[in-house]
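Shown next: run05.txt, given as compact mmCIF, C-alpha atoms and all ligand atoms.
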# COMPACT_ATOMS: atom_id res chain seq x y z
CA MET A 84 52.17 -83.89 -7.71
CA ARG A 85 50.65 -80.82 -9.29
CA TYR A 86 47.01 -80.00 -8.85
CA HIS A 87 45.16 -77.91 -11.32
CA ARG A 88 41.76 -77.92 -12.89
CA SER A 89 40.08 -77.19 -16.16
CA LYS A 90 38.53 -73.79 -16.47
CA THR A 91 34.91 -74.84 -16.36
CA GLN A 92 35.12 -77.00 -13.29
CA GLN A 93 34.67 -76.26 -9.66
CA LEU A 94 37.24 -77.42 -7.22
CA THR A 95 35.97 -80.36 -5.21
CA SER A 96 37.41 -81.20 -1.83
CA SER A 97 39.31 -84.10 -3.35
CA GLU A 98 41.07 -81.70 -5.71
CA THR A 99 42.24 -79.31 -3.02
CA ALA A 100 44.83 -81.21 -1.07
CA PRO A 101 47.70 -83.52 -1.89
CA SER A 102 47.16 -87.06 -0.78
CA THR A 103 48.63 -90.50 -1.04
CA LEU A 104 45.47 -91.83 -2.69
CA PRO A 105 45.86 -92.79 -6.36
CA GLY A 106 45.27 -89.83 -8.67
CA VAL A 107 42.97 -90.15 -11.67
CA ILE A 108 42.01 -88.17 -14.75
CA LEU A 109 38.31 -88.17 -15.63
CA VAL A 110 37.17 -88.29 -19.23
CA GLY A 111 33.67 -87.63 -20.51
CA VAL A 112 32.60 -87.92 -24.14
CA ASP A 113 29.52 -85.95 -25.18
CA LEU A 114 27.78 -87.99 -27.86
CA GLY A 115 24.84 -85.61 -27.94
CA LEU A 116 22.75 -87.91 -25.76
CA PRO A 117 20.56 -86.49 -23.00
CA HIS A 118 21.98 -86.57 -19.47
CA PHE A 119 25.54 -85.84 -20.51
CA ASP A 120 27.23 -84.63 -17.33
CA ASP A 121 29.28 -81.57 -18.43
CA ASP A 122 31.10 -81.23 -15.13
CA LEU A 123 31.62 -84.98 -14.69
CA GLU A 124 30.38 -84.31 -11.18
CA GLU A 125 28.85 -87.72 -10.66
CA LEU A 126 31.91 -89.54 -12.00
CA ALA A 127 34.04 -87.41 -9.66
CA GLN A 128 31.83 -88.43 -6.73
CA LEU A 129 32.07 -92.08 -7.74
CA ALA A 130 35.86 -91.80 -8.02
CA THR A 131 36.16 -90.09 -4.63
CA THR A 132 33.87 -92.68 -3.04
CA ALA A 133 36.04 -95.46 -4.51
CA GLY A 134 39.12 -93.87 -2.92
CA TYR A 135 40.72 -91.94 -5.79
CA VAL A 136 41.83 -88.33 -5.97
CA VAL A 137 40.55 -86.50 -9.02
CA LEU A 138 43.43 -84.58 -10.62
CA ASP A 139 41.73 -83.24 -13.70
CA ARG A 140 38.70 -83.62 -15.95
CA VAL A 141 38.50 -83.64 -19.72
CA THR A 142 35.40 -83.56 -21.87
CA CYS A 143 35.03 -83.66 -25.62
CA LYS A 144 32.31 -83.98 -28.24
CA ARG A 145 31.99 -86.75 -30.78
CA ARG A 146 29.25 -87.87 -33.09
CA ALA A 147 29.98 -91.52 -32.35
CA PRO A 148 32.59 -93.37 -30.30
CA ASP A 149 35.74 -94.33 -32.15
CA ALA A 150 35.76 -98.11 -32.53
CA ALA A 151 39.37 -98.44 -31.44
CA LEU A 152 39.97 -95.74 -28.81
CA TYR A 153 36.48 -94.35 -28.09
CA VAL A 154 37.98 -90.84 -28.55
CA GLY A 155 40.03 -89.72 -31.55
CA SER A 156 43.75 -90.40 -31.47
CA GLY A 157 44.53 -86.66 -31.13
CA LYS A 158 42.33 -86.46 -28.06
CA ALA A 159 43.87 -89.65 -26.72
CA ASP A 160 47.32 -88.05 -27.00
CA GLU A 161 46.03 -84.97 -25.19
CA ILE A 162 44.60 -87.08 -22.35
CA LYS A 163 47.84 -89.01 -22.12
CA ALA A 164 49.91 -85.81 -21.86
CA LEU A 165 47.58 -84.50 -19.17
CA ALA A 166 47.78 -87.77 -17.24
CA LEU A 167 51.57 -87.82 -17.41
CA GLY A 168 51.77 -84.14 -16.42
CA HIS A 169 49.74 -84.90 -13.30
CA SER A 170 51.50 -88.21 -12.61
CA ALA A 171 48.06 -89.84 -12.69
CA LYS A 172 47.83 -93.54 -11.93
CA GLU A 173 44.69 -94.24 -13.87
CA ILE A 174 42.20 -92.80 -16.37
CA LEU A 175 38.45 -93.16 -15.84
CA PHE A 176 35.85 -92.82 -18.60
CA ASP A 177 32.28 -91.79 -17.86
CA GLN A 178 31.06 -93.91 -20.76
CA ALA A 179 31.13 -97.70 -20.92
CA LEU A 180 34.13 -98.93 -22.90
CA SER A 181 34.12 -102.12 -24.90
CA PRO A 182 36.82 -104.62 -23.92
CA ALA A 183 38.71 -103.78 -27.15
CA GLN A 184 38.54 -100.03 -26.54
CA GLN A 185 39.72 -100.50 -22.99
CA ARG A 186 42.62 -102.66 -24.12
CA ASN A 187 43.64 -100.26 -26.91
CA LEU A 188 43.41 -97.24 -24.62
CA GLU A 189 45.54 -98.91 -21.97
CA ARG A 190 48.16 -99.67 -24.58
CA HIS A 191 48.00 -96.10 -25.90
CA MET A 192 48.14 -94.45 -22.49
CA GLY A 193 50.53 -96.84 -20.80
CA MET A 194 48.38 -96.95 -17.68
CA PRO A 195 45.12 -98.56 -16.49
CA VAL A 196 42.00 -97.19 -18.17
CA ASN A 197 38.63 -98.03 -16.68
CA ASP A 198 35.04 -96.96 -17.03
CA ARG A 199 32.15 -95.97 -14.84
CA ILE A 200 30.79 -99.50 -14.70
CA LEU A 201 33.96 -100.92 -13.25
CA LEU A 202 34.06 -98.03 -10.79
CA ILE A 203 30.54 -98.84 -9.57
CA LEU A 204 31.47 -102.51 -9.24
CA GLU A 205 34.53 -101.51 -7.24
CA ILE A 206 32.49 -99.35 -4.86
CA PHE A 207 29.99 -102.13 -4.36
CA ALA A 208 32.86 -104.52 -3.61
CA GLN A 209 34.31 -102.12 -1.02
CA ARG A 210 30.93 -101.45 0.60
CA ALA A 211 29.46 -104.92 0.82
CA ARG A 212 29.18 -105.94 4.48
CA SER A 213 26.57 -108.63 4.83
CA HIS A 214 27.05 -112.19 3.67
CA GLU A 215 24.39 -111.69 1.03
CA GLY A 216 25.84 -108.36 -0.14
CA LYS A 217 29.27 -109.90 -0.55
CA LEU A 218 27.89 -112.82 -2.52
CA GLN A 219 25.93 -110.48 -4.77
CA VAL A 220 28.99 -108.36 -5.52
CA GLU A 221 31.10 -111.45 -6.10
CA LEU A 222 28.58 -112.73 -8.62
CA ALA A 223 28.45 -109.37 -10.41
CA ARG A 224 32.24 -109.19 -10.64
CA LEU A 225 32.53 -112.74 -11.94
CA GLN A 226 29.90 -112.05 -14.57
CA TYR A 227 31.66 -108.86 -15.64
CA LEU A 228 34.96 -110.70 -15.79
CA SER A 229 33.57 -113.57 -17.81
CA THR A 230 32.27 -111.27 -20.56
CA ARG A 231 35.61 -109.45 -20.65
CA LEU A 232 37.54 -112.69 -20.81
CA VAL A 233 35.50 -114.12 -23.62
CA ARG A 234 35.55 -110.95 -25.67
CA ARG A 235 39.08 -109.99 -24.83
CA TRP A 236 40.43 -113.22 -26.24
CA SER A 237 38.00 -113.97 -28.99
CA HIS A 238 40.56 -113.01 -31.67
CA LEU A 239 43.01 -115.54 -30.22
CA GLU A 240 40.44 -118.27 -30.48
CA ARG A 241 39.77 -117.46 -34.10
CA GLN A 242 43.50 -117.64 -34.76
CA SER A 243 43.96 -120.96 -33.07
CA GLY A 244 40.89 -122.29 -34.87
CA GLY A 245 42.60 -121.40 -38.13
CA ILE A 246 45.77 -123.30 -37.37
CA GLY A 247 44.45 -126.73 -38.16
CA MET A 248 41.98 -126.59 -35.24
CA ARG A 249 44.58 -127.95 -32.92
CA GLY A 250 44.25 -125.23 -30.40
CA GLY A 251 47.27 -123.90 -28.59
CA PRO A 252 48.50 -122.90 -25.19
CA GLY A 253 46.43 -119.68 -25.44
CA GLU A 254 43.25 -121.59 -25.99
CA THR A 255 43.92 -124.04 -23.16
CA GLN A 256 44.44 -121.15 -20.80
CA ILE A 257 41.24 -119.44 -21.95
CA GLU A 258 39.27 -122.64 -21.58
CA LEU A 259 40.69 -123.17 -18.14
CA ASP A 260 39.99 -119.61 -17.02
CA ARG A 261 36.52 -119.78 -18.47
CA ARG A 262 35.75 -123.03 -16.76
CA MET A 263 37.06 -121.75 -13.46
CA ILE A 264 34.99 -118.60 -13.73
CA GLY A 265 31.97 -120.60 -14.84
CA ASP A 266 32.37 -122.89 -11.82
CA ALA A 267 32.80 -119.93 -9.49
CA ILE A 268 29.66 -118.29 -10.90
CA LYS A 269 27.73 -121.52 -10.36
CA ARG A 270 28.95 -121.91 -6.78
CA THR A 271 28.21 -118.28 -5.93
CA ARG A 272 24.72 -118.56 -7.42
CA GLU A 273 24.00 -121.65 -5.33
CA ARG A 274 25.11 -119.94 -2.14
CA LEU A 275 23.09 -116.88 -3.04
CA ASP A 276 20.02 -119.01 -3.74
CA LYS A 277 20.26 -120.40 -0.24
CA VAL A 278 20.36 -116.89 1.25
CA LYS A 279 17.47 -115.90 -1.00
CA ARG A 280 15.37 -118.81 0.26
CA GLN A 281 15.96 -117.66 3.82
CA ARG A 282 14.96 -114.14 2.86
CA ASN A 283 11.80 -115.41 1.19
CA THR A 284 10.89 -117.29 4.36
CA GLN A 285 11.27 -114.07 6.34
CA ARG A 286 9.16 -112.22 3.81
CA ARG A 287 6.43 -114.85 3.93
CA GLN A 288 6.41 -114.59 7.71
CA ARG A 289 5.93 -110.83 7.43
CA GLU A 290 3.13 -111.35 4.92
CA ARG A 291 1.43 -113.85 7.20
CA ARG A 292 1.52 -111.33 9.98
CA GLY A 293 -0.15 -108.89 7.60
CA ALA A 294 2.65 -106.36 7.92
CA PHE A 295 2.31 -103.40 5.59
CA THR A 296 5.70 -102.82 3.97
CA ILE A 297 7.13 -99.55 2.75
CA SER A 298 10.43 -99.38 0.83
CA LEU A 299 12.59 -96.31 0.43
CA VAL A 300 13.85 -96.08 -3.12
CA GLY A 301 15.67 -93.34 -4.97
CA TYR A 302 18.82 -92.20 -6.69
CA THR A 303 21.99 -92.72 -4.71
CA ASN A 304 22.74 -89.88 -2.24
CA ALA A 305 19.13 -88.60 -2.34
CA GLY A 306 18.88 -88.93 1.45
CA LYS A 307 17.07 -92.26 1.88
CA SER A 308 19.07 -93.36 4.92
CA SER A 309 18.77 -89.89 6.49
CA LEU A 310 15.01 -90.03 6.05
CA PHE A 311 14.89 -93.59 7.35
CA ASN A 312 16.82 -92.52 10.46
CA ALA A 313 14.58 -89.51 10.97
CA LEU A 314 11.41 -91.58 10.65
CA VAL A 315 12.34 -94.54 12.83
CA LYS A 316 15.04 -92.96 14.99
CA ALA A 317 17.54 -95.51 13.75
CA ARG A 318 21.17 -95.02 12.97
CA ALA A 319 21.62 -96.39 9.49
CA TYR A 320 24.82 -95.23 7.83
CA ALA A 321 24.19 -91.97 5.98
CA ALA A 322 27.07 -90.23 4.25
CA ASP A 323 27.87 -87.93 1.39
CA GLN A 324 29.02 -90.86 -0.68
CA LEU A 325 27.45 -92.79 -3.48
CA PHE A 326 26.13 -96.18 -2.43
CA ALA A 327 26.64 -95.60 1.28
CA THR A 328 23.93 -98.22 1.77
CA LEU A 329 24.08 -101.64 0.15
CA ASP A 330 22.26 -103.83 2.60
CA THR A 331 18.62 -103.63 3.39
CA THR A 332 17.70 -102.49 6.89
CA THR A 333 14.11 -102.87 8.08
CA ARG A 334 12.46 -101.31 11.12
CA GLN A 335 8.93 -101.07 12.38
CA MET A 336 7.34 -97.63 12.32
CA TYR A 337 4.21 -96.87 14.30
CA LEU A 338 1.65 -94.64 12.62
CA GLY A 339 -0.47 -93.30 15.49
CA GLU A 340 -3.19 -91.90 13.26
CA VAL A 341 -4.12 -95.31 11.90
CA GLY A 342 -3.11 -97.19 15.03
CA ARG A 343 -0.84 -99.65 13.29
CA SER A 344 2.78 -100.41 12.60
CA VAL A 345 4.26 -100.62 9.17
CA SER A 346 7.63 -102.00 8.25
CA LEU A 347 10.02 -99.55 6.62
CA SER A 348 13.06 -100.67 4.60
CA ASP A 349 16.09 -98.63 3.61
CA THR A 350 17.97 -100.06 0.68
CA VAL A 351 20.50 -99.64 -2.10
CA GLY A 352 20.34 -96.51 -4.26
CA PHE A 353 20.00 -96.42 -8.02
CA ILE A 354 22.30 -94.69 -10.49
CA ARG A 355 22.41 -93.95 -14.19
CA ASP A 356 23.87 -96.91 -16.13
CA LEU A 357 23.65 -99.24 -13.15
CA PRO A 358 25.61 -102.18 -14.53
CA HIS A 359 23.37 -104.98 -15.68
CA THR A 360 25.40 -107.54 -13.81
CA LEU A 361 24.65 -105.60 -10.62
CA VAL A 362 20.93 -105.37 -11.28
CA ASP A 363 21.04 -109.10 -11.85
CA ALA A 364 23.12 -109.90 -8.81
CA PHE A 365 21.16 -107.55 -6.55
CA ALA A 366 17.82 -108.93 -7.70
CA ALA A 367 17.04 -110.20 -4.19
CA THR A 368 17.76 -106.83 -2.58
CA LEU A 369 15.90 -104.93 -5.28
CA GLN A 370 13.00 -107.32 -4.91
CA GLU A 371 12.22 -105.65 -1.60
CA ALA A 372 10.93 -102.74 -3.66
CA ARG A 373 8.88 -104.99 -5.92
CA ASP A 374 7.17 -106.68 -3.01
CA ALA A 375 6.51 -103.49 -1.04
CA ASP A 376 2.97 -102.21 -0.53
CA LEU A 377 4.15 -98.62 -0.99
CA LEU A 378 7.33 -96.94 -2.23
CA LEU A 379 8.74 -93.74 -0.80
CA HIS A 380 10.63 -92.41 -3.80
CA VAL A 381 13.20 -90.03 -2.30
CA VAL A 382 14.51 -87.25 -4.56
CA ASP A 383 17.36 -84.80 -3.91
CA ALA A 384 15.40 -81.69 -4.88
CA SER A 385 18.54 -79.56 -4.53
CA ASN A 386 20.35 -81.49 -7.28
CA PRO A 387 19.83 -79.78 -10.66
CA ALA A 388 19.87 -83.22 -12.29
CA HIS A 389 16.93 -84.47 -10.20
CA PRO A 390 14.47 -84.73 -13.12
CA GLU A 391 16.82 -87.15 -14.91
CA GLN A 392 17.45 -88.99 -11.65
CA ILE A 393 13.70 -89.52 -11.19
CA GLN A 394 13.51 -90.94 -14.72
CA GLU A 395 16.42 -93.26 -14.03
CA VAL A 396 14.82 -94.56 -10.84
CA GLN A 397 11.57 -95.14 -12.73
CA ARG A 398 13.51 -97.06 -15.37
CA VAL A 399 15.10 -99.38 -12.80
CA LEU A 400 11.74 -99.84 -11.05
CA ARG A 401 10.26 -100.95 -14.36
CA GLU A 402 13.18 -103.29 -14.93
CA ILE A 403 12.70 -105.03 -11.60
CA GLY A 404 8.93 -105.23 -11.98
CA ALA A 405 8.12 -102.59 -9.36
CA ALA A 406 6.52 -100.05 -11.70
CA ASP A 407 3.00 -100.71 -10.43
CA VAL A 408 3.71 -100.34 -6.72
CA PRO A 409 2.02 -97.15 -5.42
CA GLN A 410 4.44 -94.31 -4.73
CA ILE A 411 4.84 -91.15 -2.73
CA LEU A 412 7.45 -88.73 -4.07
CA VAL A 413 9.52 -87.24 -1.27
CA PHE A 414 11.37 -84.12 -2.45
CA ASN A 415 14.14 -84.02 0.15
CA LYS A 416 16.81 -81.41 1.04
CA LEU A 417 14.28 -78.59 1.18
CA ASP A 418 16.74 -76.73 3.43
CA ALA A 419 19.29 -76.65 0.59
CA LEU A 420 16.93 -75.12 -1.97
CA PRO A 421 17.59 -71.52 -2.99
CA ASP A 422 14.68 -69.17 -2.17
CA ALA A 423 13.75 -68.84 -5.84
CA GLN A 424 13.16 -72.58 -6.04
CA LEU A 425 11.07 -72.98 -2.91
CA PRO A 426 7.74 -74.64 -3.71
CA ARG A 427 4.46 -72.79 -3.28
CA ASP A 428 2.79 -75.80 -1.73
CA MET A 429 4.63 -78.27 0.46
CA GLU A 430 2.25 -80.99 -0.68
CA ASP A 431 0.87 -81.50 -4.15
CA CYS A 432 0.76 -84.09 -6.89
CA MET A 433 3.20 -84.63 -9.70
CA GLU A 434 2.56 -86.19 -13.06
CA LEU A 435 4.77 -89.26 -13.42
CA GLU A 436 4.36 -91.41 -16.50
CA GLY A 437 0.73 -90.49 -16.90
CA GLN A 438 -0.04 -91.04 -13.22
CA SER A 439 -0.68 -88.39 -10.62
CA VAL A 440 1.64 -89.21 -7.72
CA PRO A 441 1.40 -87.49 -4.30
CA ARG A 442 4.46 -85.38 -3.60
CA ILE A 443 5.77 -83.79 -0.43
CA PHE A 444 8.71 -81.46 0.17
CA LEU A 445 10.73 -81.94 3.36
CA SER A 446 14.16 -81.92 4.90
CA ALA A 447 15.40 -85.10 6.53
CA ARG A 448 18.22 -83.00 7.99
CA THR A 449 16.20 -80.29 9.74
CA GLY A 450 13.05 -82.34 10.25
CA GLN A 451 10.90 -79.79 8.44
CA GLY A 452 7.95 -81.55 6.82
CA LEU A 453 8.41 -84.89 8.59
CA ASP A 454 5.09 -84.60 10.39
CA GLY A 455 3.46 -83.83 7.06
CA LEU A 456 4.95 -87.04 5.67
CA ARG A 457 3.65 -89.06 8.64
CA HIS A 458 0.12 -87.69 8.04
CA LEU A 459 0.39 -88.41 4.33
CA LEU A 460 1.66 -91.94 5.04
CA ALA A 461 -1.16 -92.60 7.47
CA ARG A 462 -3.73 -91.52 4.87
CA ARG A 463 -2.12 -93.58 2.08
CA VAL A 464 -1.71 -96.65 4.28
CA ALA A 465 -5.31 -96.41 5.46
CA SER A 466 -6.65 -96.15 1.92
CA LEU A 467 -4.41 -98.91 0.56
CA VAL A 468 -5.28 -101.22 3.44
CA ALA A 469 -8.98 -100.51 2.93
CA ASP A 470 -8.59 -101.82 -0.63
CA GLU A 471 -7.31 -105.14 0.67
CA SER A 472 -9.37 -108.02 2.03
CA PRO A 473 -10.43 -107.65 5.69
CA SER A 474 -8.23 -110.54 6.86
CA GLU A 475 -5.15 -108.69 5.70
CA THR A 476 -6.02 -105.46 7.47
CA GLN A 477 -5.39 -106.86 10.93
CA ALA A 478 -2.72 -104.86 12.68
CA PRO A 479 0.15 -107.12 13.65
CA ALA A 480 0.11 -107.72 17.37
CA ASP A 481 3.83 -108.22 17.68
CA SER A 482 5.26 -105.53 15.46
CA ALA A 483 4.77 -102.33 17.47
CA GLN A 484 7.91 -101.05 19.11
N1 LIG B 1 21.09 -80.37 3.11
C1 LIG B 1 20.58 -81.59 3.28
N2 LIG B 1 21.37 -82.68 3.17
C2 LIG B 1 20.80 -83.88 3.36
C3 LIG B 1 19.43 -84.04 3.67
N3 LIG B 1 19.18 -85.38 3.79
C4 LIG B 1 20.35 -86.01 3.55
N4 LIG B 1 21.34 -85.13 3.30
C5 LIG B 1 22.75 -85.43 3.03
O1 LIG B 1 22.85 -86.11 1.79
C6 LIG B 1 23.90 -87.08 1.84
C7 LIG B 1 23.37 -88.44 1.47
O2 LIG B 1 22.47 -88.89 2.45
P1 LIG B 1 22.11 -90.43 2.67
O3 LIG B 1 20.99 -90.45 3.64
O4 LIG B 1 23.31 -91.23 2.94
O5 LIG B 1 21.59 -90.76 1.20
P2 LIG B 1 21.15 -92.18 0.60
O6 LIG B 1 20.04 -91.90 -0.37
O7 LIG B 1 20.86 -93.14 1.70
O8 LIG B 1 22.45 -92.57 -0.20
P3 LIG B 1 23.03 -94.02 -0.62
O9 LIG B 1 22.81 -94.98 0.48
O10 LIG B 1 24.46 -93.70 -0.85
O11 LIG B 1 22.32 -94.39 -1.88
C8 LIG B 1 24.47 -87.02 3.27
O12 LIG B 1 25.60 -86.19 3.25
C9 LIG B 1 23.33 -86.38 4.06
O13 LIG B 1 23.79 -85.67 5.19
C10 LIG B 1 18.63 -82.86 3.81
O14 LIG B 1 17.44 -82.89 4.09
N5 LIG B 1 19.26 -81.67 3.60
MG MG B 2 21.71 -94.90 2.12

In structure tokens, what does this structure look like?
Amino acid sequence: MRYHRSKTQQLTSSETAPSTLPGVILVGVDLGLPHFDDDLEELAQLATTAGYVVLDRVTCKRRAPDAALYVGSGKADEIKALALGHSAKEILFDQALSPAQQRNLERHMGMPVNDRILLILEIFAQRARSHEGKLQVELARLQYLSTRLVRRWSHLERQSGGIGMRGGPGETQIELDRRMIGDAIKRTRERLDKVKRQRNTQRRQRERRGAFTISLVGYTNAGKSSLFNALVKARAYAADQLFATLDTTTRQMYLGEVGRSVSLSDTVGFIRDLPHTLVDAFAATLQEARDADLLLHVVDASNPAHPEQIQEVQRVLREIGAADVPQILVFNKLDALPDAQLPRDMEDCMELEGQSVPRIFLSARTGQGLDGLRHLLARRVASLVADESPSETQAPADSAQ
């Protein structure tokens, strides 16, 4: 296998050494939309996390996607030649492909062609550990599959409808597959509903105890789990991977200044173009954020794309009905900021959708700024609790650790 890279790209660790992992070519199409990732860095991270080796990256500009191949046929030939030259096993697009485009591309390239959405689904499937997480991923995959099946074969149905409406073997198979998938979706939903009911019971118990709940939210890889571990001295899995965390972990955190415990939850990260089926399937997990009393919105300040990442997180928060939950912005990875980008004040406020949101800079890795965050939390918790009715302000007797 040969390893080489395009001139504009940096060599990532996955591109440095031969490996037995399947090699992929990354393709990004710049349609002139904001947030186009020139270096395909995020797609490369997703691919590496999913267990691929990135062999090369190709980007091109188009005014609109080609209906048949997404890219032009000349570009498609170029990608194919590159893939064959590298002995790649698969081609991954940064943009979502329609079922027809995917099918045509696979035929053109003679190898599997997938998109970012499928990659995210695959990572979720690999990562899911808990019973609930597995069920959620299963549901998302079934839903994805059902739309592909229906659309992939819609032309066959039209054909069979034309032949005297008798149907044919193709149609029977489609109907069968559809029914099986439909049944599987129904069964998975029922099992998930049961888990959700249990979760709701737990949440109601917490509410009855008057526990103040804080949820860590943020773009994937921002450092939520690292901050969680630093704050509650836990050992949640933190890694330089996208979606290291899928399951929610909750711990009690004692805030000495206000003399009470709060419950802190670490949860799944957000990402641009989070597949809808996943948002749907992970509704229960994401609901943690909606029901929280306060959100710690963790941002990787060292990532040049962090302004777009903040917007994306805000978008998902709106989608799950968590837009009105008070926030604190935590600009993490202070230690990784170049001197020129160091903030003048470690604490200030930032304008976010017309609201002034408290912001603090810190490093979950070195611990710098953690005390500042504890003070800030104590102040916010005290003022939010003061707004509630007196019966709810009782500190839980059994939650301190
Ligand atoms: N330099 C630096 N790296 C950090 C800091 N905090 C976290 N990291 C690194 O960033 C990477 C991601 O950290 P995680 O805590 O797993 O991030 P996360 O937001 O929980 O990510 P997901 O669960 O994948 O969504 C890891 O490699 C951490 O070591 C920090 O303050 N400074
Ligand atoms: Mg995490």

Selected residue, from A:His169, A:Arg210, A:Arg224, A:Arg442, that lies nearest to ligand LIG 1 (chain B) when counting all atoms listed in the file:
A:Arg210

Write out as a list in words the residues lying within 12 Å of A:Ala317, counting only C-alpha atoms and excluding same-chain residues fewer than 3 positions away.
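Those residues are Ser308, Ser309, Leu310, Phe311, Asn312, Ala313, Leu314, Tyr320, Ala321, Thr332, Thr333, Arg334, Gln335, Met336, Leu347, Ser348 and Asp349 of chain A.
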
Excluding stretch 129-131 of chain A and residues on its chain fewer than 2 positions from it, collect all residues at most 9 Å away from it, counting only C-alpha atoms, and give them as a ChimeraX atom specification.
/A:97,107,109,124-127,133-137,175,199,202-203,206,324-326

Two-atom distance - atom CA of A:Ile411, atom CA of A:His359 (Å)
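Taking atom CA of A:Ile411 as the start and atom CA of A:His359 as the end point, the length is 26.5 Å.
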
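Computed from the coordinates, the atom CA of A:Pro441 to atom CA of A:Pro409 distance equals 9.7 Å.
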
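Between atom C6 of ligand LIG 1 (chain B) and atom CA of A:Leu459 the separation is 23.7 Å.
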
If you count all atoms listed in the file, the residue of A:Gln424, A:Ser346, A:Thr449, A:Thr328 closest to ligand MG 2 (chain B) turns out to be A:Thr328

Pick from A:Leu228, A:Leu357, A:Thr303, A:Ala364: nearest to A:Thr271, with all atoms listed in the file counted?
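The shortest atom-to-atom distance to A:Thr271 comes from A:Ala364.
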
If you count all atoms listed in the file, which residues fall within 9 Å of A:Leu369, apart from same-chain ones fewer than 5 positions away, as JSON, numbers by chain?
{"A": [350, 351, 362, 400, 403]}

Hey, what's within 9 Å of A:Leu456 if we count all atoms listed in the file and toss same-chain stuff fewer than 6 positions away? As a VMD selection string, please?
chain A and resid 413 443 to 445

Kindly indicate which residue among A:Asp407, A:Glu434, A:Asp454, A:Asp323 lies nearest to ligand MG 2 (chain B), using only C-alpha atoms and all ligand atoms for the distances.
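The shortest atom-to-atom distance to ligand MG 2 (chain B) comes from A:Asp323.
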
The residues within 10 Å of (22.5, -79.2, -10.6), using all atoms listed in the file and the coordinates of the file, should be reported as a ChimeraX atom specification; which are they?
/A:120,122,124,384-389

Take the residues from that selection and put them in a file with C-alpha atoms, as a PDB file, keeping the file's coordinate frame.
ATOM      1  CA  ASP A 120      27.230 -84.630 -17.330  1.00  0.00           C
ATOM      2  CA  ASP A 122      31.100 -81.230 -15.130  1.00  0.00           C
ATOM      3  CA  GLU A 124      30.380 -84.310 -11.180  1.00  0.00           C
ATOM      4  CA  ALA A 384      15.400 -81.690  -4.880  1.00  0.00           C
ATOM      5  CA  SER A 385      18.540 -79.560  -4.530  1.00  0.00           C
ATOM      6  CA  ASN A 386      20.350 -81.490  -7.280  1.00  0.00           C
ATOM      7  CA  PRO A 387      19.830 -79.780 -10.660  1.00  0.00           C
ATOM      8  CA  ALA A 388      19.870 -83.220 -12.290  1.00  0.00           C
ATOM      9  CA  HIS A 389      16.930 -84.470 -10.200  1.00  0.00           C
TER      10      HIS A 389
END

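Residue nearest ligand MG 2 (chain B), chosen from A:Ile162, A:Ile264, A:Leu412, A:Val381 and counting only C-alpha atoms and all ligand atoms: A:Val381.
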
Residues at most 10 Å from A:Ser229, counting only C-alpha atoms, excluding those fewer than 5 positions away in the same chain, as number ranges by chain?
A: 223-224, 234-235, 260-265, 268

Export: stretch 337-356 of chain A, C-alpha atoms, as a CSV table (one decimal), in the first residue's frame:
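Written file, out-v9.csv:
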chain,number,residue,atom,x,y,z
A,337,TYR,CA,-20.6,19.2,46.5
A,338,LEU,CA,-20.4,22.9,46.2
A,339,GLY,CA,-19.0,24.0,49.6
A,340,GLU,CA,-19.8,27.7,49.1
A,341,VAL,CA,-23.5,27.1,49.0
A,342,GLY,CA,-23.4,24.1,51.2
A,343,ARG,CA,-25.3,21.8,48.9
A,344,SER,CA,-24.8,19.0,46.4
A,345,VAL,CA,-25.7,19.2,42.8
A,346,SER,CA,-25.9,16.3,40.3
A,347,LEU,CA,-23.6,16.6,37.3
A,348,SER,CA,-24.2,14.6,34.1
A,349,ASP,CA,-21.7,13.9,31.4
A,350,THR,CA,-23.3,12.9,28.1
A,351,VAL,CA,-23.1,12.4,24.4
A,352,GLY,CA,-21.5,15.1,22.3
A,353,PHE,CA,-23.0,16.9,19.4
A,354,ILE,CA,-21.7,17.2,15.8
A,355,ARG,CA,-22.5,19.0,12.6
A,356,ASP,CA,-25.2,17.2,10.6
